[in-house]
Amino acid sequence: MPATLLSVQSASKRFGDVIALESVDLDINQGDIIGLVGSNGAGKTTLLRLLSGVYRPTSGRVMLADDSEVIHARHRLGVVPENTGLYARLTAWENIRYHARIHGVSDDEAWNRTSYFAKHLDMLDALGRHTKGFSRGMRQKTALLRALVHAPSVLLLDEPTAGLDVTSARTVRELVRQLGEEGGTVIYSTHQLAEAQRVCNRIVIIHNGEVRADGTPEALLEQTGTTHLEEAYVSLTSDAARTRQEDSKPLSRWSSWWRGLFTPNVPGGGEDE
Amino acid sequence: MSSAFGRVRTIAKKELVEFVRDWRTILAILVIPLLLFPLLFILFPLLLASEAAELSAVQVDVVVQADEIPDELQSLLTNASLNLTFEDLPVVAELSAPEGADERLRNGSIDALLRLQTNGTVLEYAVLYLSTSEQSLEARGRVFDALSAWEQNETVRRIDAAGLDADETLDPLRWNGDVAQSDVATQGEQAGMALSLFIPLVLAVWTFSSAIQPSIDMTAGERERGTLEALLGLPSTRMELLMGKWLAVATITGVGVMLQVAGLLFAIGYLASSDVISAPSVSLTALAFLILAVLLFAIMVVAFELALAMRSHSVKEAGSILGPAVLIILFPALFTQVINLDGIETFWFAIPVVNVLLALRELLMNRIVYTHVAVWLLSSTFYAFAAAYYAARQFKREDIVVSLS
């Protein structure tokens, strides 16, 4: 039985009246390459942000195997957010080194590790260049190198192949597969089922903030009695028309006007304290 | 694992490296403050002097309308660098009535028109000119100089003719001795007084305004560019993040203010060599308190700006909040210039912003009133902590990863 590295226990996340995640239970084990599959707005990014400690659950917990909260063990996580988050006025290497230093990794060690993976990603020559002129693929690869620089136990990738050309997407997938073969643990969010099936050994379908299915691709087919994952996905999410706001109390006209005046319509308007 | 101090330093260093790689911000925050006062105090007066010299060399056309002109006055006008044309005095209700002169002044055919008429023993006059024309103003000035000189000579002549001593009659009250000796304040003290009227204003406004751009860039800018989420996933706490960014903004602001003060001192040194102003006499204790006051003010201002910028969902939103916020500094700064420091009530030294500005004024005048020092020191420390606490709360918000763009 592989060891559980991360455990999401009845975690819910609300942003004001909006329920982004509801009672999610998930164990992430050593060697899992998890495809977190769901449509846009399903809750994938919110779950990844809970896992990375950027968000705290409104209720429930996100724990590590040693029972510590994930927020205190972020040095064991490598995160690639959807928009990569690179600094344009720094070179690729400086971006990577910045994260390495915050992780407490020496520059030499960071360089050795970066150059090893950079060769695989065909990025070695680009490390000294400013990221301002980088293509989407190069940015994604740089963000991957940055997430790997401190040898994390778990890698969290938010739609790492979104917007990439065929070659770059393939390179990223190959790296993830390689990490899996080396015993690494990766959580890989995507809305492409075919991609998840190619890369991952476990698929978690998330819809309207709920985990609808969790298992190997074969197990999902068996569970739904279908022959293709796409059919399985449709079957598992077909009852998903219900609103996540049905429990919320409607705002009065004045409250709505007042809130609209000062609060931009974005999730997460509150404080975490 | 790196230490908390190491992480704060890493964050601050990265922010500074990013900052110095943008030449536009370097220009706006470091080069301009260095050059501002030298340009204002040295180059600008030189420019004005050159313009004045140029204007005084200009030939101006003046029409004199008079039936009769005293010989001496005509001679004075002739020697006043004026191109004179003499005409008969037209029939006008009053000498100052334009009566066609306005058209000639407006089309530039003449620069000024002098009308003279004798009324008994009095010579009446009016000078018509166009106040929106520098050349016309210059012509009017030269005509007035000639008229004044004639009036002075004529006054003396008439007093003498009445059998009086003109000198005693015109100047019955006289200063005895050197005027400069009568002020017991040293030149350094006088310089301190003069500088205390604008240095606090400049320091306060510049500290606030120079922190705006880096504060926005390091918070709302990061948020908008999407770089903040990756940063928040790192093993640094939000307090470390705030401290790193605060350190970077404070360094940039501090260097900007220091450069501005250096530019100011250079300008003062230059003016001192021309006997325009001396260097202010400030004791070491006053100087130490002065630096402390500016430091506490910078802590408060930078934390406050970081907090406001972090609350904003975009650079545009942050700019529209922090831009007008300069008024929070500007109004108290202007107000404190007119507060009389002699016998000032102590409570003024507890009011935010006003306290530091008043402290700077007092210290530049080398006045150390320990009650005042205690009040502004305690209140400024409290405000600095309050601003830092507010900033910390903003940095702990979850929605800081979300951008509107």
# chains A, B, ... in the order shown; residues from 1 in each chain; ligands from 1

call {"tool": "interface_residues", "arguments": {"of": "chain B", "to": "chain A", "cutoff": "6 Å", "atoms": "only C-alpha atoms", "output": "list in words"}}
result
Met1, Ser2, Arg7, Glu18, Gly226, Thr227, Ala230, Leu232, Gly233, Leu234, Pro235, Arg397, Glu398 and Asp399 of chain B

call {"tool": "write_last_selection", "arguments": {"atoms": "N, CA and C atoms", "output": "CSV table (one decimal), in the first residue's frame"}}
result
chain,number,residue,atom,x,y,z
B,1,MET,N,16.3,24.4,5.1
B,1,MET,CA,15.3,25.5,5.1
B,1,MET,C,16.0,26.8,5.3
B,2,SER,N,15.6,27.8,4.6
B,2,SER,CA,16.2,29.1,4.8
B,2,SER,C,15.5,29.8,6.0
B,7,ARG,N,14.7,34.7,4.0
B,7,ARG,CA,13.6,34.8,3.0
B,7,ARG,C,13.2,36.3,2.8
B,18,GLU,N,14.5,43.7,-9.8
B,18,GLU,CA,13.5,44.0,-10.8
B,18,GLU,C,13.3,45.5,-11.0
B,226,GLY,N,-0.1,38.0,-12.3
B,226,GLY,CA,-0.3,36.6,-12.0
B,226,GLY,C,0.9,36.0,-11.3
B,227,THR,N,1.8,36.8,-10.9
B,227,THR,CA,3.0,36.2,-10.2
B,227,THR,C,2.9,36.0,-8.8
B,230,ALA,N,2.2,32.1,-7.4
B,230,ALA,CA,3.4,31.2,-7.3
B,230,ALA,C,4.2,31.6,-6.0
B,232,LEU,N,2.9,32.9,-3.3
B,232,LEU,CA,2.1,32.5,-2.1
B,232,LEU,C,2.2,31.0,-1.8
B,233,GLY,N,2.6,30.2,-2.8
B,233,GLY,CA,2.7,28.8,-2.7
B,233,GLY,C,4.1,28.4,-2.1
B,234,LEU,N,5.0,29.4,-1.9
B,234,LEU,CA,6.3,29.1,-1.3
B,234,LEU,C,6.3,29.1,0.2
B,235,PRO,N,7.3,28.5,0.8
B,235,PRO,CA,7.3,28.4,2.3
B,235,PRO,C,7.7,29.7,3.0
B,397,ARG,N,-5.2,38.4,3.3
B,397,ARG,CA,-6.4,38.2,2.6
B,397,ARG,C,-6.2,37.1,1.6
B,398,GLU,N,-7.2,36.2,1.5
B,398,GLU,CA,-7.1,35.1,0.5
B,398,GLU,C,-7.3,35.6,-0.9
B,399,ASP,N,-8.1,36.7,-1.1
B,399,ASP,CA,-8.4,37.1,-2.5
B,399,ASP,C,-7.3,37.9,-3.1

call {"tool": "residues_around", "arguments": {"residues": "Val24 of chain A", "least_positions_apart": "6", "cutoff": "9 Å", "atoms": "only C-alpha atoms", "output": "mmCIF file with C-alpha atoms, in the first residue's frame"}}
result
data_model
loop_
_atom_site.group_PDB
_atom_site.id
_atom_site.type_symbol
_atom_site.label_atom_id
_atom_site.label_comp_id
_atom_site.auth_asym_id
_atom_site.auth_seq_id
_atom_site.Cartn_x
_atom_site.Cartn_y
_atom_site.Cartn_z
ATOM 1 C CA VAL A 8 -7.998 16.306 2.032
ATOM 2 C CA GLN A 9 -10.579 15.671 4.734
ATOM 3 C CA SER A 10 -14.161 16.911 4.208
ATOM 4 C CA ALA A 11 -12.764 20.172 2.881
ATOM 5 C CA SER A 12 -15.180 22.846 1.740
ATOM 6 C CA LEU A 47 -8.696 22.500 -4.881
ATOM 7 C CA GLY A 60 -12.448 20.449 6.868
ATOM 8 C CA GLY A 209 -17.250 21.733 -6.432
ATOM 9 C CA GLU A 210 -17.802 18.021 -5.717
ATOM 10 C CA VAL A 211 -15.619 15.022 -6.379
#

call {"tool": "residues_around", "arguments": {"residues": "Ala391 of chain B", "least_positions_apart": "2", "cutoff": "7 Å", "atoms": "only C-alpha atoms", "output": "list of chain:residue names"}}
result
B:Ala303, B:Phe304, B:Leu306, B:Ala307, B:Ala387, B:Ala388, B:Tyr389, B:Arg393, B:Gln394, B:Phe395

call {"tool": "write_last_selection", "arguments": {"atoms": "all heavy atoms", "output": "compact mmCIF listing (two decimals), in the first residue's frame"}}
result
# COMPACT_ATOMS: atom_id res chain seq x y z
N ALA B 303 4.02 51.21 4.62
CA ALA B 303 3.09 50.13 5.02
C ALA B 303 1.67 50.46 4.59
O ALA B 303 0.94 49.61 4.08
CB ALA B 303 3.16 49.92 6.54
N PHE B 304 1.30 51.71 4.77
CA PHE B 304 -0.05 52.15 4.41
C PHE B 304 -0.27 52.01 2.89
O PHE B 304 -1.30 51.50 2.45
CB PHE B 304 -0.20 53.62 4.85
CG PHE B 304 -1.54 54.21 4.58
CD1 PHE B 304 -2.67 53.73 5.21
CD2 PHE B 304 -1.67 55.28 3.71
CE1 PHE B 304 -3.92 54.29 4.96
CE2 PHE B 304 -2.92 55.85 3.46
CZ PHE B 304 -4.04 55.35 4.09
N LEU B 306 1.44 50.07 0.81
CA LEU B 306 1.44 48.65 0.43
C LEU B 306 0.08 48.02 0.72
O LEU B 306 -0.44 47.23 -0.06
CB LEU B 306 2.54 47.89 1.19
CG LEU B 306 3.95 47.98 0.62
CD1 LEU B 306 4.94 47.35 1.59
CD2 LEU B 306 4.05 47.28 -0.73
N ALA B 307 -0.49 48.39 1.87
CA ALA B 307 -1.80 47.85 2.25
C ALA B 307 -2.88 48.27 1.25
O ALA B 307 -3.64 47.43 0.76
CB ALA B 307 -2.17 48.32 3.66
N ALA B 387 -0.18 51.06 10.93
CA ALA B 387 -0.14 50.91 9.47
C ALA B 387 0.42 49.54 9.09
O ALA B 387 -0.08 48.88 8.17
CB ALA B 387 0.72 52.02 8.86
N ALA B 388 1.45 49.09 9.84
CA ALA B 388 2.04 47.78 9.56
C ALA B 388 1.02 46.67 9.85
O ALA B 388 0.92 45.68 9.10
CB ALA B 388 3.29 47.58 10.40
N TYR B 389 0.25 46.83 10.92
CA TYR B 389 -0.78 45.84 11.26
C TYR B 389 -1.84 45.79 10.17
O TYR B 389 -2.26 44.71 9.73
CB TYR B 389 -1.42 46.20 12.60
CG TYR B 389 -2.60 45.34 12.97
CD1 TYR B 389 -2.42 44.02 13.41
CD2 TYR B 389 -3.90 45.82 12.86
CE1 TYR B 389 -3.50 43.22 13.73
CE2 TYR B 389 -4.99 45.03 13.19
CZ TYR B 389 -4.79 43.73 13.62
OH TYR B 389 -5.86 42.95 13.92
N ARG B 393 -2.75 42.64 7.69
CA ARG B 393 -4.11 42.11 7.49
C ARG B 393 -4.44 42.01 5.99
O ARG B 393 -5.04 41.04 5.54
CB ARG B 393 -5.14 43.01 8.17
CG ARG B 393 -5.24 42.76 9.67
CD ARG B 393 -6.38 43.56 10.26
NE ARG B 393 -7.67 43.15 9.75
CZ ARG B 393 -8.40 42.15 10.24
NH1 ARG B 393 -7.95 41.46 11.24
NH2 ARG B 393 -9.57 41.85 9.72
N GLN B 394 -4.02 43.01 5.24
CA GLN B 394 -4.30 42.96 3.81
C GLN B 394 -3.53 41.84 3.12
O GLN B 394 -4.04 41.19 2.23
CB GLN B 394 -3.94 44.31 3.15
CG GLN B 394 -4.70 45.50 3.69
CD GLN B 394 -6.17 45.23 3.86
OE1 GLN B 394 -6.84 44.72 2.97
NE2 GLN B 394 -6.69 45.53 5.05
N PHE B 395 -2.30 41.62 3.58
CA PHE B 395 -1.49 40.57 2.98
C PHE B 395 -2.02 39.18 3.34
O PHE B 395 -1.68 38.20 2.68
CB PHE B 395 -0.02 40.71 3.40
CG PHE B 395 0.78 41.55 2.45
CD1 PHE B 395 0.54 42.91 2.35
CD2 PHE B 395 1.75 41.00 1.63
CE1 PHE B 395 1.26 43.69 1.47
CE2 PHE B 395 2.48 41.77 0.74
CZ PHE B 395 2.23 43.12 0.66

call {"tool": "residues_around", "arguments": {"residues": "Ile206 of chain A", "least_positions_apart": "4", "cutoff": "12 Å", "atoms": "only C-alpha atoms", "output": "PyMOL selection string"}}
result
chain A and resi 20-26+35-48+189-191+210-214+233-234+236-237+240

call {"tool": "atom_distance", "arguments": {"atom1": "atom CA of Ala267 of chain B", "atom2": "atom CA of Leu47 of chain B"}}
result
15.2 Å

call {"tool": "atom_distance", "arguments": {"atom1": "atom CA of Pro2 of chain A", "atom2": "atom CA of Ala110 of chain A"}}
result
28.6 Å
